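Peer 1: Structure: input-v3.pdb, PDB, C-alpha atoms, pLDDT in the B column.
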MODEL        1
ATOM      1  CA  MET A   1     -31.019 -19.275  74.816  1.00 60.00           C
ATOM      2  CA  LYS A   2     -30.264 -15.573  74.773  1.00 71.00           C
ATOM      3  CA  LEU A   3     -27.139 -14.593  76.683  1.00 78.00           C
ATOM      4  CA  GLU A   4     -27.443 -12.135  79.541  1.00 87.00           C
ATOM      5  CA  LYS A   5     -25.616  -8.958  78.510  1.00 92.00           C
ATOM      6  CA  LEU A   6     -23.340  -7.434  81.141  1.00 95.00           C
ATOM      7  CA  ASP A   7     -23.495  -3.634  81.360  1.00 96.00           C
ATOM      8  CA  LEU A   8     -20.400  -2.397  83.169  1.00 95.00           C
ATOM      9  CA  LYS A   9     -21.965   1.053  83.713  1.00 95.00           C
ATOM     10  CA  LYS A  10     -24.684  -0.648  85.766  1.00 95.00           C
ATOM     11  CA  GLN A  11     -22.283  -3.027  87.500  1.00 95.00           C
ATOM     12  CA  HIS A  12     -20.213  -0.015  88.603  1.00 96.00           C
ATOM     13  CA  LYS A  13     -23.166   2.324  88.992  1.00 95.00           C
ATOM     14  CA  ALA A  14     -21.489   4.691  91.461  1.00 95.00           C
ATOM     15  CA  LEU A  15     -18.687   5.344  88.990  1.00 97.00           C
ATOM     16  CA  TYR A  16     -20.982   6.279  86.092  1.00 97.00           C
ATOM     17  CA  ASN A  17     -23.728   8.247  87.881  1.00 95.00           C
ATOM     18  CA  ALA A  18     -22.041  11.325  89.304  1.00 96.00           C
ATOM     19  CA  PRO A  19     -24.235  14.149  90.671  1.00 95.00           C
ATOM     20  CA  LYS A  20     -24.732  17.334  88.652  1.00 95.00           C
ATOM     21  CA  GLY A  21     -23.770  20.582  90.364  1.00 90.00           C
ATOM     22  CA  LYS A  22     -21.928  19.079  93.317  1.00 96.00           C
ATOM     23  CA  PHE A  23     -18.859  16.976  94.036  1.00 98.00           C
ATOM     24  CA  GLU A  24     -18.818  13.518  95.604  1.00 98.00           C
ATOM     25  CA  ILE A  25     -15.954  11.477  97.024  1.00 98.00           C
ATOM     26  CA  ILE A  26     -15.790   7.862  95.818  1.00 97.00           C
ATOM     27  CA  ASP A  27     -13.350   4.949  95.953  1.00 97.00           C
ATOM     28  CA  VAL A  28     -12.602   3.507  92.521  1.00 98.00           C
ATOM     29  CA  PRO A  29     -11.455  -0.151  92.494  1.00 97.00           C
ATOM     30  CA  PRO A  30      -8.814  -1.513  90.095  1.00 97.00           C
ATOM     31  CA  LEU A  31     -10.431  -1.828  86.657  1.00 97.00           C
ATOM     32  CA  HIS A  32      -9.239  -3.141  83.291  1.00 97.00           C
ATOM     33  CA  TYR A  33      -9.076  -0.780  80.337  1.00 98.00           C
ATOM     34  CA  LEU A  34      -8.052  -0.914  76.708  1.00 98.00           C
ATOM     35  CA  GLN A  35      -5.736   2.109  76.454  1.00 98.00           C
ATOM     36  CA  ILE A  36      -3.802   4.263  73.981  1.00 98.00           C
ATOM     37  CA  ASP A  37      -1.501   7.228  74.779  1.00 98.00           C
ATOM     38  CA  GLY A  38      -1.004  10.419  72.805  1.00 96.00           C
ATOM     39  CA  ALA A  39      -0.578  14.183  72.870  1.00 95.00           C
ATOM     40  CA  GLY A  40      -2.021  17.300  71.277  1.00 93.00           C
ATOM     41  CA  ASP A  41      -5.379  18.915  70.602  1.00 93.00           C
ATOM     42  CA  PRO A  42      -8.006  16.139  70.417  1.00 92.00           C
ATOM     43  CA  ASN A  43      -9.933  18.172  67.844  1.00 90.00           C
ATOM     44  CA  THR A  44      -7.051  18.239  65.380  1.00 92.00           C
ATOM     45  CA  ALA A  45      -4.520  15.544  66.382  1.00 92.00           C
ATOM     46  CA  GLU A  46      -4.702  12.671  63.897  1.00 94.00           C
ATOM     47  CA  ASP A  47      -3.395  10.303  66.585  1.00 95.00           C
ATOM     48  CA  TYR A  48      -6.497  11.004  68.692  1.00 96.00           C
ATOM     49  CA  LYS A  49      -8.929  10.236  65.875  1.00 96.00           C
ATOM     50  CA  THR A  50      -6.968   7.126  64.901  1.00 97.00           C
ATOM     51  CA  GLY A  51      -6.710   6.040  68.528  1.00 98.00           C
ATOM     52  CA  VAL A  52     -10.462   6.223  69.071  1.00 97.00           C
ATOM     53  CA  ALA A  53     -11.005   4.100  65.953  1.00 97.00           C
ATOM     54  CA  TRP A  54      -8.558   1.504  67.283  1.00 98.00           C
ATOM     55  CA  LEU A  55     -10.169   1.395  70.726  1.00 98.00           C
ATOM     56  CA  TYR A  56     -13.618   0.714  69.333  1.00 98.00           C
ATOM     57  CA  SER A  57     -12.442  -1.716  66.672  1.00 98.00           C
ATOM     58  CA  VAL A  58     -10.530  -3.852  69.185  1.00 98.00           C
ATOM     59  CA  SER A  59     -13.249  -3.514  71.865  1.00 98.00           C
ATOM     60  CA  TYR A  60     -15.957  -4.816  69.544  1.00 98.00           C
ATOM     61  CA  ALA A  61     -13.715  -7.601  68.250  1.00 98.00           C
ATOM     62  CA  MET A  62     -13.114  -8.710  71.856  1.00 98.00           C
ATOM     63  CA  LYS A  63     -16.832  -8.471  72.623  1.00 97.00           C
ATOM     64  CA  PHE A  64     -17.770 -10.744  69.693  1.00 97.00           C
ATOM     65  CA  ALA A  65     -14.957 -13.175  70.510  1.00 97.00           C
ATOM     66  CA  ALA A  66     -16.010 -13.372  74.175  1.00 96.00           C
ATOM     67  CA  LYS A  67     -19.563 -14.125  73.076  1.00 95.00           C
ATOM     68  CA  ALA A  68     -18.452 -16.865  70.664  1.00 95.00           C
ATOM     69  CA  GLN A  69     -15.674 -18.428  72.729  1.00 95.00           C
ATOM     70  CA  LEU A  70     -16.672 -17.795  76.349  1.00 94.00           C
ATOM     71  CA  GLY A  71     -20.447 -17.555  76.117  1.00 94.00           C
ATOM     72  CA  ARG A  72     -20.236 -14.099  77.728  1.00 95.00           C
ATOM     73  CA  ASP A  73     -21.829 -10.978  76.260  1.00 96.00           C
ATOM     74  CA  TYR A  74     -21.468  -7.357  77.346  1.00 97.00           C
ATOM     75  CA  VAL A  75     -22.085  -3.768  76.362  1.00 96.00           C
ATOM     76  CA  VAL A  76     -19.034  -1.922  75.018  1.00 97.00           C
ATOM     77  CA  GLY A  77     -18.520   1.000  77.389  1.00 96.00           C
ATOM     78  CA  PRO A  78     -18.202   4.717  76.660  1.00 97.00           C
ATOM     79  CA  LEU A  79     -14.993   6.443  75.659  1.00 98.00           C
ATOM     80  CA  GLU A  80     -12.959   7.717  78.612  1.00 98.00           C
ATOM     81  CA  ALA A  81      -9.755   9.748  78.792  1.00 98.00           C
ATOM     82  CA  LEU A  82      -7.032  10.767  81.214  1.00 97.00           C
ATOM     83  CA  TRP A  83      -5.649  14.264  80.638  1.00 95.00           C
ATOM     84  CA  TRP A  84      -2.547  16.048  81.899  1.00 93.00           C
ATOM     85  CA  ALA A  85       0.063  18.664  80.928  1.00 88.00           C
ATOM     86  CA  ASP A  86       3.386  19.976  82.185  1.00 82.00           C
ATOM     87  CA  ASP A  87       1.513  23.195  83.023  1.00 80.00           C
ATOM     88  CA  MET A  88      -1.919  22.221  84.353  1.00 70.00           C
ATOM     89  CA  SER A  89      -3.202  25.783  83.914  1.00 73.00           C
ATOM     90  CA  THR A  90      -3.590  24.959  80.216  1.00 70.00           C
ATOM     91  CA  PHE A  91      -6.784  23.117  81.150  1.00 70.00           C
ATOM     92  CA  LEU A  92      -8.289  26.366  82.380  1.00 68.00           C
ATOM     93  CA  THR A  93      -6.973  28.372  79.425  1.00 72.00           C
ATOM     94  CA  ARG A  94      -7.919  25.502  77.032  1.00 74.00           C
ATOM     95  CA  LYS A  95      -4.495  25.484  75.339  1.00 77.00           C
ATOM     96  CA  LYS A  96      -5.128  22.023  73.968  1.00 85.00           C
ATOM     97  CA  SER A  97      -1.948  21.708  71.923  1.00 84.00           C
ATOM     98  CA  ASP A  98      -0.046  21.241  75.217  1.00 87.00           C
ATOM     99  CA  TRP A  99      -2.268  18.437  76.485  1.00 89.00           C
ATOM    100  CA  GLN A 100      -1.255  14.802  76.885  1.00 94.00           C
ATOM    101  CA  TRP A 101      -3.805  12.028  77.084  1.00 97.00           C
ATOM    102  CA  THR A 102      -4.618   8.377  77.488  1.00 98.00           C
ATOM    103  CA  ILE A 103      -7.883   7.383  75.823  1.00 98.00           C
ATOM    104  CA  MET A 104      -9.502   4.190  77.070  1.00 98.00           C
ATOM    105  CA  ILE A 105     -12.549   1.928  77.233  1.00 98.00           C
ATOM    106  CA  LEU A 106     -13.466  -0.166  80.295  1.00 98.00           C
ATOM    107  CA  GLN A 107     -13.363  -3.953  79.783  1.00 98.00           C
ATOM    108  CA  PRO A 108     -14.821  -6.884  81.760  1.00 97.00           C
ATOM    109  CA  ASP A 109     -12.431  -8.874  83.911  1.00 95.00           C
ATOM    110  CA  PHE A 110     -13.061 -11.999  81.798  1.00 95.00           C
ATOM    111  CA  VAL A 111     -11.512 -10.411  78.678  1.00 96.00           C
ATOM    112  CA  THR A 112      -8.134 -12.141  78.444  1.00 94.00           C
ATOM    113  CA  SER A 113      -4.794 -11.226  76.903  1.00 95.00           C
ATOM    114  CA  ALA A 114      -5.433 -13.917  74.295  1.00 96.00           C
ATOM    115  CA  LEU A 115      -8.700 -12.264  73.273  1.00 97.00           C
ATOM    116  CA  PHE A 116      -6.908  -8.921  73.146  1.00 98.00           C
ATOM    117  CA  ALA A 117      -4.134 -10.281  70.913  1.00 98.00           C
ATOM    118  CA  ALA A 118      -6.605 -11.902  68.514  1.00 98.00           C
ATOM    119  CA  ALA A 119      -8.789  -8.777  68.409  1.00 98.00           C
ATOM    120  CA  THR A 120      -5.742  -6.614  67.684  1.00 98.00           C
ATOM    121  CA  ASP A 121      -4.768  -8.884  64.795  1.00 97.00           C
ATOM    122  CA  LYS A 122      -8.294  -8.618  63.412  1.00 97.00           C
ATOM    123  CA  ALA A 123      -8.317  -4.821  63.688  1.00 98.00           C
ATOM    124  CA  THR A 124      -4.897  -4.645  62.026  1.00 97.00           C
ATOM    125  CA  LYS A 125      -6.356  -6.080  58.829  1.00 96.00           C
ATOM    126  CA  LYS A 126      -8.716  -3.106  58.635  1.00 95.00           C
ATOM    127  CA  LEU A 127      -6.730  -0.264  60.243  1.00 97.00           C
ATOM    128  CA  GLY A 128      -3.092  -1.135  59.552  1.00 97.00           C
ATOM    129  CA  THR A 129      -0.289  -1.005  62.110  1.00 97.00           C
ATOM    130  CA  PRO A 130      -1.640  -0.633  65.682  1.00 97.00           C
ATOM    131  CA  PRO A 131      -0.510   2.254  67.922  1.00 97.00           C
ATOM    132  CA  ALA A 132       2.622   1.303  69.857  1.00 97.00           C
ATOM    133  CA  SER A 133       0.919   2.141  73.168  1.00 98.00           C
ATOM    134  CA  LEU A 134      -2.202   0.010  72.557  1.00 98.00           C
ATOM    135  CA  ARG A 135      -2.597  -2.208  75.621  1.00 98.00           C
ATOM    136  CA  LEU A 136      -5.020  -3.961  77.952  1.00 98.00           C
ATOM    137  CA  GLU A 137      -4.102  -3.342  81.567  1.00 96.00           C
ATOM    138  CA  ALA A 138      -5.417  -2.531  85.035  1.00 96.00           C
ATOM    139  CA  TYR A 139      -5.731   1.045  86.247  1.00 97.00           C
ATOM    140  CA  HIS A 140      -6.400   1.881  89.893  1.00 97.00           C
ATOM    141  CA  GLU A 141      -7.537   5.402  90.779  1.00 97.00           C
ATOM    142  CA  GLY A 142      -8.636   4.740  94.345  1.00 98.00           C
ATOM    143  CA  LEU A 143      -9.988   7.712  96.293  1.00 98.00           C
ATOM    144  CA  SER A 144     -11.403  10.272  93.836  1.00 98.00           C
ATOM    145  CA  VAL A 145     -13.693  13.282  93.528  1.00 98.00           C
ATOM    146  CA  GLN A 146     -16.205  13.422  90.702  1.00 98.00           C
ATOM    147  CA  THR A 147     -19.119  15.417  89.330  1.00 98.00           C
ATOM    148  CA  LEU A 148     -21.377  15.452  86.254  1.00 98.00           C
ATOM    149  CA  HIS A 149     -20.836  18.247  83.731  1.00 97.00           C
ATOM    150  CA  ILE A 150     -23.620  18.988  81.256  1.00 97.00           C
ATOM    151  CA  GLY A 151     -22.606  21.164  78.333  1.00 96.00           C
ATOM    152  CA  SER A 152     -19.730  21.772  75.941  1.00 95.00           C
ATOM    153  CA  TYR A 153     -16.322  20.352  76.796  1.00 93.00           C
ATOM    154  CA  ASP A 154     -14.937  23.890  76.556  1.00 89.00           C
ATOM    155  CA  ASP A 155     -17.309  25.009  79.325  1.00 93.00           C
ATOM    156  CA  GLU A 156     -15.730  22.676  81.901  1.00 92.00           C
ATOM    157  CA  ALA A 157     -13.172  25.238  83.151  1.00 88.00           C
ATOM    158  CA  PRO A 158     -15.309  26.866  85.899  1.00 92.00           C
ATOM    159  CA  THR A 159     -16.230  23.458  87.328  1.00 94.00           C
ATOM    160  CA  LEU A 160     -12.617  22.300  87.237  1.00 92.00           C
ATOM    161  CA  ALA A 161     -11.520  25.514  88.955  1.00 90.00           C
ATOM    162  CA  ARG A 162     -14.057  24.949  91.769  1.00 95.00           C
ATOM    163  CA  LEU A 163     -12.943  21.327  92.146  1.00 95.00           C
ATOM    164  CA  HIS A 164      -9.209  22.084  92.360  1.00 93.00           C
ATOM    165  CA  GLN A 165      -9.245  25.470  94.064  1.00 93.00           C
ATOM    166  CA  GLU A 166     -12.193  25.074  96.433  1.00 96.00           C
ATOM    167  CA  PHE A 167     -13.496  21.546  97.053  1.00 97.00           C
ATOM    168  CA  VAL A 168     -10.179  19.683  97.194  1.00 97.00           C
ATOM    169  CA  PRO A 169      -8.413  21.988  99.714  1.00 97.00           C
ATOM    170  CA  ALA A 170     -11.601  22.581 101.745  1.00 97.00           C
ATOM    171  CA  ASN A 171     -11.968  18.831 102.303  1.00 98.00           C
ATOM    172  CA  GLY A 172      -8.358  18.144 103.295  1.00 97.00           C
ATOM    173  CA  LEU A 173      -7.483  16.481  99.993  1.00 98.00           C
ATOM    174  CA  LYS A 174      -4.638  16.666  97.478  1.00 97.00           C
ATOM    175  CA  GLU A 175      -4.634  15.695  93.799  1.00 95.00           C
ATOM    176  CA  THR A 176      -2.645  12.526  93.064  1.00 95.00           C
ATOM    177  CA  GLY A 177      -3.342  11.437  89.491  1.00 92.00           C
ATOM    178  CA  HIS A 178      -4.518  12.503  86.072  1.00 96.00           C
ATOM    179  CA  HIS A 179      -7.783  14.317  85.367  1.00 95.00           C
ATOM    180  CA  HIS A 180     -10.293  11.708  84.138  1.00 98.00           C
ATOM    181  CA  GLU A 181     -13.272  12.312  81.848  1.00 97.00           C
ATOM    182  CA  ILE A 182     -16.017   9.831  80.969  1.00 98.00           C
ATOM    183  CA  TYR A 183     -18.014  10.730  77.873  1.00 98.00           C
ATOM    184  CA  LEU A 184     -21.574   9.546  78.462  1.00 97.00           C
ATOM    185  CA  SER A 185     -22.853  11.277  75.299  1.00 96.00           C
ATOM    186  CA  ASP A 186     -21.889  10.855  71.647  1.00 92.00           C
ATOM    187  CA  PRO A 187     -20.862  14.318  70.374  1.00 91.00           C
ATOM    188  CA  ARG A 188     -21.815  13.238  66.842  1.00 90.00           C
ATOM    189  CA  LYS A 189     -25.427  12.847  67.932  1.00 94.00           C
ATOM    190  CA  VAL A 190     -25.891  15.215  70.893  1.00 95.00           C
ATOM    191  CA  ALA A 191     -25.854  19.031  70.852  1.00 96.00           C
ATOM    192  CA  PRO A 192     -22.856  20.564  72.701  1.00 94.00           C
ATOM    193  CA  GLU A 193     -25.055  22.147  75.406  1.00 96.00           C
ATOM    194  CA  LYS A 194     -26.540  18.708  76.233  1.00 97.00           C
ATOM    195  CA  LEU A 195     -23.343  16.642  76.389  1.00 97.00           C
ATOM    196  CA  LYS A 196     -22.965  14.658  79.633  1.00 97.00           C
ATOM    197  CA  THR A 197     -19.425  14.167  80.918  1.00 98.00           C
ATOM    198  CA  ILE A 198     -18.225  12.826  84.256  1.00 98.00           C
ATOM    199  CA  LEU A 199     -15.223  14.781  85.553  1.00 98.00           C
ATOM    200  CA  ARG A 200     -13.060  12.838  88.022  1.00 98.00           C
ATOM    201  CA  GLN A 201      -9.898  13.650  89.949  1.00 97.00           C
ATOM    202  CA  PRO A 202      -7.942  11.083  92.002  1.00 98.00           C
ATOM    203  CA  VAL A 203      -6.963  12.426  95.423  1.00 98.00           C
ATOM    204  CA  ARG A 204      -5.463  11.490  98.760  1.00 98.00           C
ATOM    205  CA  ARG A 205      -6.277  12.691 102.257  1.00 97.00           C
ATOM    206  CA  LEU A 206      -3.751  15.018 103.888  1.00 96.00           C
TER     207      LEU A 206
ENDMDL
END
Represent the structure contained in this file as structure tokens.
Peer 2:
Amino acid sequence: MKLEKLDLKKQHKALYNAPKGKFEIIDVPPLHYLQIDGAGDPNTAEDYKTGVAWLYSVSYAMKFAAKAQLGRDYVVGPLEALWWADDMSTFLTRKKSDWQWTIMILQPDFVTSALFAAATDKATKKLGTPPASLRLEAYHEGLSVQTLHIGSYDDEAPTLARLHQEFVPANGLKETGHHHEIYLSDPRKVAPEKLKTILRQPVRRL
């Protein structure tokens, strides 16, 4: 009998279907992510490239193990990232060398620490020593504002400026956490002007 395949993007539809051209306020529940921390320009930092490889290698190893051991199958989710800097204006000026990040992939609640440990061991045989920050843990954003950006990552600045300088203050909100991006498109296969990225900012009400 074929296993039903869980698609977390469909299970959490409101979190992965942001509107284009306008901002919406949502409440994000606690979710489990495979995560790795780093810093520097994602286009040139070796740690970023290596980190992405680790996330996918461990995610797929956990997926196959869950299918074999738990009888549960699921779709490996898209790459996501949290971004921040000591001077947040660098996101408008695109001074990427000053950026810090946590790259991550959403995981089902039934993925256990034991599956994570075994998957990490399996990935180690192919990739070598795992990043020190590699972990499986919950992340809770709570109240957030999000929108869908279509186009190059470097064209996000005007939308981010409107979010932070106009929408957030006009709606009695204040930023509370790291800028969050969800990459719905594969940049290796999709032209820059057609890339779909959800831009999210955790907030609180004043």
Peer 1: Go through the shown structure with the PyMOL selection byres ((chain A and resi 100) around 7) and write out the matching residues as a ChimeraX atom specification.
Peer 2: /A:38-40,83-85,98-99,101
Peer 1: Would you mind telling me which residue in A:Glu4, A:Glu80, A:Glu181, A:Asp121 lies nearest to Leu160 (chain A) when using only C-alpha atoms?
Peer 2: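 For Leu160 (chain A), the nearest of the candidates is A:Glu181.
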Peer 1: I'd like to know which of A:Lys126, A:Lys22, A:Arg188, A:Lys174 is closest to Arg162 (chain A), using all atoms listed in the file.
Peer 2: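 That would be A:Lys22, the residue with the smallest distance to Arg162 (chain A).
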Peer 1: Pick out the closest residue to Gly77 (chain A) from this set: A:Ala157, A:Leu106, A:Ala138, A:Val190. Count only C-alpha atoms.
Peer 2: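 Under the stated criterion, the closest residue is A:Leu106.
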Peer 1: Write out as a list in words each polymer residue whose atoms come within 10 Å of Pro108 (chain A), counting only C-alpha atoms; drop sequence neighbours fewer than 2 positions from it.
Peer 2: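 Listing them by chain and then by number gives Leu6, Asp7, Leu8, Leu31, His32, Tyr33, Lys63, Arg72, Asp73, Tyr74, Val75, Val76, Gly77, Leu106, Phe110, Val111 and Thr112 of chain A.
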Peer 1: Written as an MDAnalysis selection string, which residues does the PyMOL selection byres ((chain A and resi 192-205) around 10) give for the file shown?
Peer 2: chainID A and resid 15:20 23:28 80 82 140:156 159:160 163:164 168:169 171:191 206
Peer 1: For Val58 (chain A), which residue out of A:Pro42, A:Gly71, A:Pro130, A:Pro78 is the nearest one, using only C-alpha atoms?
Peer 2: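 So, comparing all the options, the nearest one is A:Pro130.
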Peer 1: Nearest to Gln165 (chain A): which of A:Ala53, A:Ser113, A:Ser89, A:Ile105 is it, counting all atoms listed in the file?
Peer 2: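 Among the listed residues, A:Ser89 lies closest to Gln165 (chain A).
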Peer 1: Have a look at A:Met88, A:Pro29, A:Asp37, A:Pro158 and name the one nearest to Ala132 (chain A); count all atoms listed in the file.
Peer 2: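 Of A:Met88, A:Pro29, A:Asp37, A:Pro158, the one nearest Ala132 (chain A) is A:Asp37, counting all atoms listed in the file.
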Peer 1: I'd like the interatomic distance between CA of Leu136 (chain A) and CA of Phe91 (chain A), to a tenth of an Å.
Peer 2: 27.3 Å
Peer 1: Please return as a PyMOL selection string every residue within 12 Å of (-16.5, -8.9, 68.4), taking into account only C-alpha atoms and the file's own coordinates.
Peer 2: chain A and resi 56-70+72-76+111+115-116+118-120+122-123
Peer 1: Can you work out the spacing between CA of Lys13 (chain A) and CA of Tyr139 (chain A) in Å, to one decimal?
Peer 2: 17.7 Å
Peer 1: So the first atom is CA of Thr129 (chain A) and the second is CA of Thr50 (chain A); what is the distance between them in Å, to one decimal place?
Peer 2: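 Taking CA of Thr129 (chain A) as the start and CA of Thr50 (chain A) as the end point, the length is 10.9 Å.
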